[in-house]
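Read the structure below first, then the notes.
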Amino acid sequence: MLEHSGSAESAAQKTLKSRIHCTGIGLHTGARVNMTLLPADINSGLVFVRTDVAEDRAVVPARWDGVSDTTLCTVVSNEHGTTVGTVEHLMAALRGCGIDNAAIELDGPEVPIMDGSAAPFVFLIESAGMAAQPAVRRAIRVLKTVEVRDGDKLARLTPAAGFSFSFEIDFPDPVVRRQKGTIRLANGAFKSDLARARTFGFLKDVEYLRSRGLARGGSLDNAVVINRGRVMNEGGLRFEDEFVRHKILDSIGDLYLAGAPILGHFHGDKSGHALNNQLLRRLFADELAWCYDTMDSVDASEGGWNTERLARTA
């Protein structure tokens with residue numbers, strides 16, 4: 001691993017100004033859960049704290065090397081086997097709002113799903129307020145291309161001057177079909193272009209998932225449900241391309257488990273939580289593939305969303 005520092009004044013780390021609480025349902029457990037976001041000290045990072053287990057087993061760092069399951073969500077765990085699931089939407093909101101240090105208290109094993117997007121978490125963070133801290137904020141600069149594949153699925157990081165993400169999806173259902181989107185995270189683009197995009201699934205899969213103990217809390221209130229070419233949710237979609245936007249949102253959350261913003265370009269093609277975590281493991285396994293950098297060196301040019309609806313290939 002190399003060290004690199006910028007030449008101008010560095011951006012500061014941020015935490016919350018005050019604590020804030022919410023209550024919701026776990027998407028997969030179906031259980032009611034209370035969550036509190038709290039300020040945290042400089043360089044403490046993001047940590048989950050399970051208030052329903054013994055104190056010496058309660059702290060679960062939000063880290064890539066603590067990911068223990070990626071079945072339909074990202075689960076992190078500690079050395080005692082304490083787990084926290086469905087962390088990706090909250091992690092994406094923390095990344096989108098620029099929060100470096102915070103503690104997240106939960107009285108259960110899963111972050112509440114809220115409405116299936118990151119928007120409620122952005123609202124909580126903004127309501128609590130954000131406070132600059134007297135410490136340099138670091139980024140992880142990608143120095144060379146790193147990628148992982150699984151059949152026709154792909155996740156890749158390449159060097160770039162800013163923070164950008166692109167994604168392609170391809171589903172046989174005509175509501176989704178092939179979509180491609182790209183976003184550059186700058187000037188509030190996360191909140192305006194991604195935060196409201198909800199998780200989605202197909203009605204035909206619900207019975208099978210519940211037989212495996214998954215999606216027990218899923219409903220039309222917290223997911224876009226598709227059935228034979230039709231969106232079942234009243235009011236339809238929030239964006240015409242809500243599906244690919246949400247896949248990028250998931251990727252942002254998964255990659256923030258790196259412990260700092262990743263300075264580079266991420267591209268996913270049909271990838272998911274498993275490949276996203278494998279990509280981080282591949283990146284950090286190669287000390288010549290990355291270095292720490294400071295946020296003042298980042299290209300802060302205009303951010304925003306670009307989308308493309310593609311014709312399906314046979």
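Order determines the names: the first chain of the structure tokens is A, the second B, and so forth; residues in each chain are numbered 1 upward, and ligands are numbered 1 upward as they are shown.
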* To do: Would you mind writing down, as a PyMOL selection string, each residue of segment 84-280 of chain A that DSSP on the backbone assigns to strand (DSSP E)?
  => chain A and resi 84+102-106+130-136+138-142+146-150+153-158+163-170+178-184+200-202+224-227+230-231+262-269
Hey, what's within 8 Å of Leu38 of chain A if we count only C-alpha atoms and toss same-chain stuff fewer than 6 positions away? As an mmCIF file with C-alpha atoms, in the first residue's frame, please?
data_model
loop_
_atom_site.group_PDB
_atom_site.id
_atom_site.type_symbol
_atom_site.label_atom_id
_atom_site.label_comp_id
_atom_site.auth_asym_id
_atom_site.auth_seq_id
_atom_site.Cartn_x
_atom_site.Cartn_y
_atom_site.Cartn_z
ATOM 1 C CA LEU A 16 -23.630 13.735 12.913
ATOM 2 C CA SER A 18 -26.925 14.899 17.185
ATOM 3 C CA ARG A 19 -28.424 11.467 17.687
ATOM 4 C CA ILE A 20 -31.598 10.484 15.852
ATOM 5 C CA ALA A 102 -20.992 7.354 13.229
ATOM 6 C CA ALA A 103 -22.334 4.645 15.507
ATOM 7 C CA ILE A 104 -25.514 2.835 14.523
ATOM 8 C CA GLU A 105 -27.372 1.194 17.398
#
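Restricting the calculation to only C-alpha atoms, the smallest distance between Ala92 of chain A and any of A:Asp293, A:Asp254, A:Asp56, A:Glu207 is found for A:Asp254.
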* Asked: Could you pull out the helix (DSSP H, G or I) residues of segment 57-234 of chain A from DSSP and send them as JSON, numbers by chain?
  -> {"A": [57, 64, 65, 66, 88, 89, 90, 91, 92, 93, 94, 95, 96, 97, 119, 120, 121, 122, 123, 124, 125, 126, 127, 128, 189, 190, 191, 192, 193, 194, 203, 204, 205, 206, 207, 208, 209, 210, 211]}
Dump as a Markdown table the rows for residues of segment 198-298 of chain A within 9 Å of segment 139-162 of chain A: closest atom pair and distance in Å with one decimal, only C-alpha atoms counted, ordered by chain and rising residue number.
| residue | atom | partner | partner_atom | distance |
| --- | --- | --- | --- | --- |
| A:Ala258 | CA | A:Ile140 | CA | 8.2 |
| A:Gly259 | CA | A:Ile140 | CA | 8.6 |
| A:Ala260 | CA | A:Ala139 | CA | 5.4 |
| A:Pro261 | CA | A:Ala139 | CA | 5.0 |
| A:Ile262 | CA | A:Ile140 | CA | 4.7 |
| A:Leu263 | CA | A:Arg141 | CA | 4.5 |
| A:Gly264 | CA | A:Ala160 | CA | 4.3 |
| A:His265 | CA | A:Thr158 | CA | 5.2 |
| A:Phe266 | CA | A:Leu157 | CA | 4.6 |
| A:His267 | CA | A:Arg156 | CA | 5.2 |
| A:Gly268 | CA | A:Ala155 | CA | 4.5 |
| A:Asp269 | CA | A:Leu154 | CA | 5.0 |
| A:Lys270 | CA | A:Lys153 | CA | 5.0 |
| A:Ser271 | CA | A:Lys153 | CA | 5.2 |
| A:Gly272 | CA | A:Ala155 | CA | 8.5 |
| A:Leu275 | CA | A:Ala155 | CA | 6.2 |
| A:Asn276 | CA | A:Ala155 | CA | 6.4 |
| A:Gln278 | CA | A:Val148 | CA | 6.9 |
| A:Leu279 | CA | A:Val148 | CA | 5.8 |
| A:Arg282 | CA | A:Val146 | CA | 7.1 |
| A:Leu283 | CA | A:Val146 | CA | 6.2 |
| A:Leu288 | CA | A:Leu143 | CA | 7.1 |
| A:Ala289 | CA | A:Leu143 | CA | 4.9 |
| A:Trp290 | CA | A:Val142 | CA | 4.6 |
| A:Cys291 | CA | A:Arg141 | CA | 5.3 |
| A:Tyr292 | CA | A:Ile140 | CA | 4.8 |
| A:Asp293 | CA | A:Ala139 | CA | 5.2 |
| A:Thr294 | CA | A:Ala139 | CA | 5.7 |
| A:Met295 | CA | A:Ala139 | CA | 6.1 |
| A:Ser297 | CA | A:Ala161 | CA | 8.5 |
| A:Val298 | CA | A:Gly162 | CA | 5.7 |
Find the residues around Arg32 of chain A up to 8 Å (only C-alpha atoms counted), leave out those fewer than 5 positions away in its own chain, and share them as a CSV table (one decimal) with N, CA, C and O atoms, in the first residue's frame.
chain,number,residue,atom,x,y,z
A,23,THR,N,-37.8,3.7,13.8
A,23,THR,CA,-38.3,2.3,14.0
A,23,THR,C,-38.8,1.8,12.7
A,23,THR,O,-39.4,2.6,11.9
A,24,GLY,N,-38.5,0.5,12.4
A,24,GLY,CA,-38.9,0.0,11.1
A,24,GLY,C,-39.0,-1.5,11.2
A,24,GLY,O,-38.9,-2.1,12.3
A,25,ILE,N,-39.1,-2.1,10.0
A,25,ILE,CA,-39.2,-3.6,9.9
A,25,ILE,C,-38.0,-4.1,9.1
A,25,ILE,O,-37.6,-3.5,8.2
A,26,GLY,N,-37.5,-5.3,9.6
A,26,GLY,CA,-36.4,-5.9,8.8
A,26,GLY,C,-37.0,-6.6,7.6
A,26,GLY,O,-38.0,-7.3,7.6
A,112,PRO,N,-33.5,-1.6,9.5
A,112,PRO,CA,-34.8,-1.6,9.0
A,112,PRO,C,-34.9,-1.2,7.5
A,112,PRO,O,-34.1,-0.4,7.0
* Structure fact -> Correct to one decimal, the distance atom CA of Ala128 of chain A-atom CA of Leu255 of chain A is 24.0 Å
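Residue nearest His80 of chain A, chosen from A:Arg57, A:His273, A:Arg63, A:His246 and counting only C-alpha atoms: A:Arg57.
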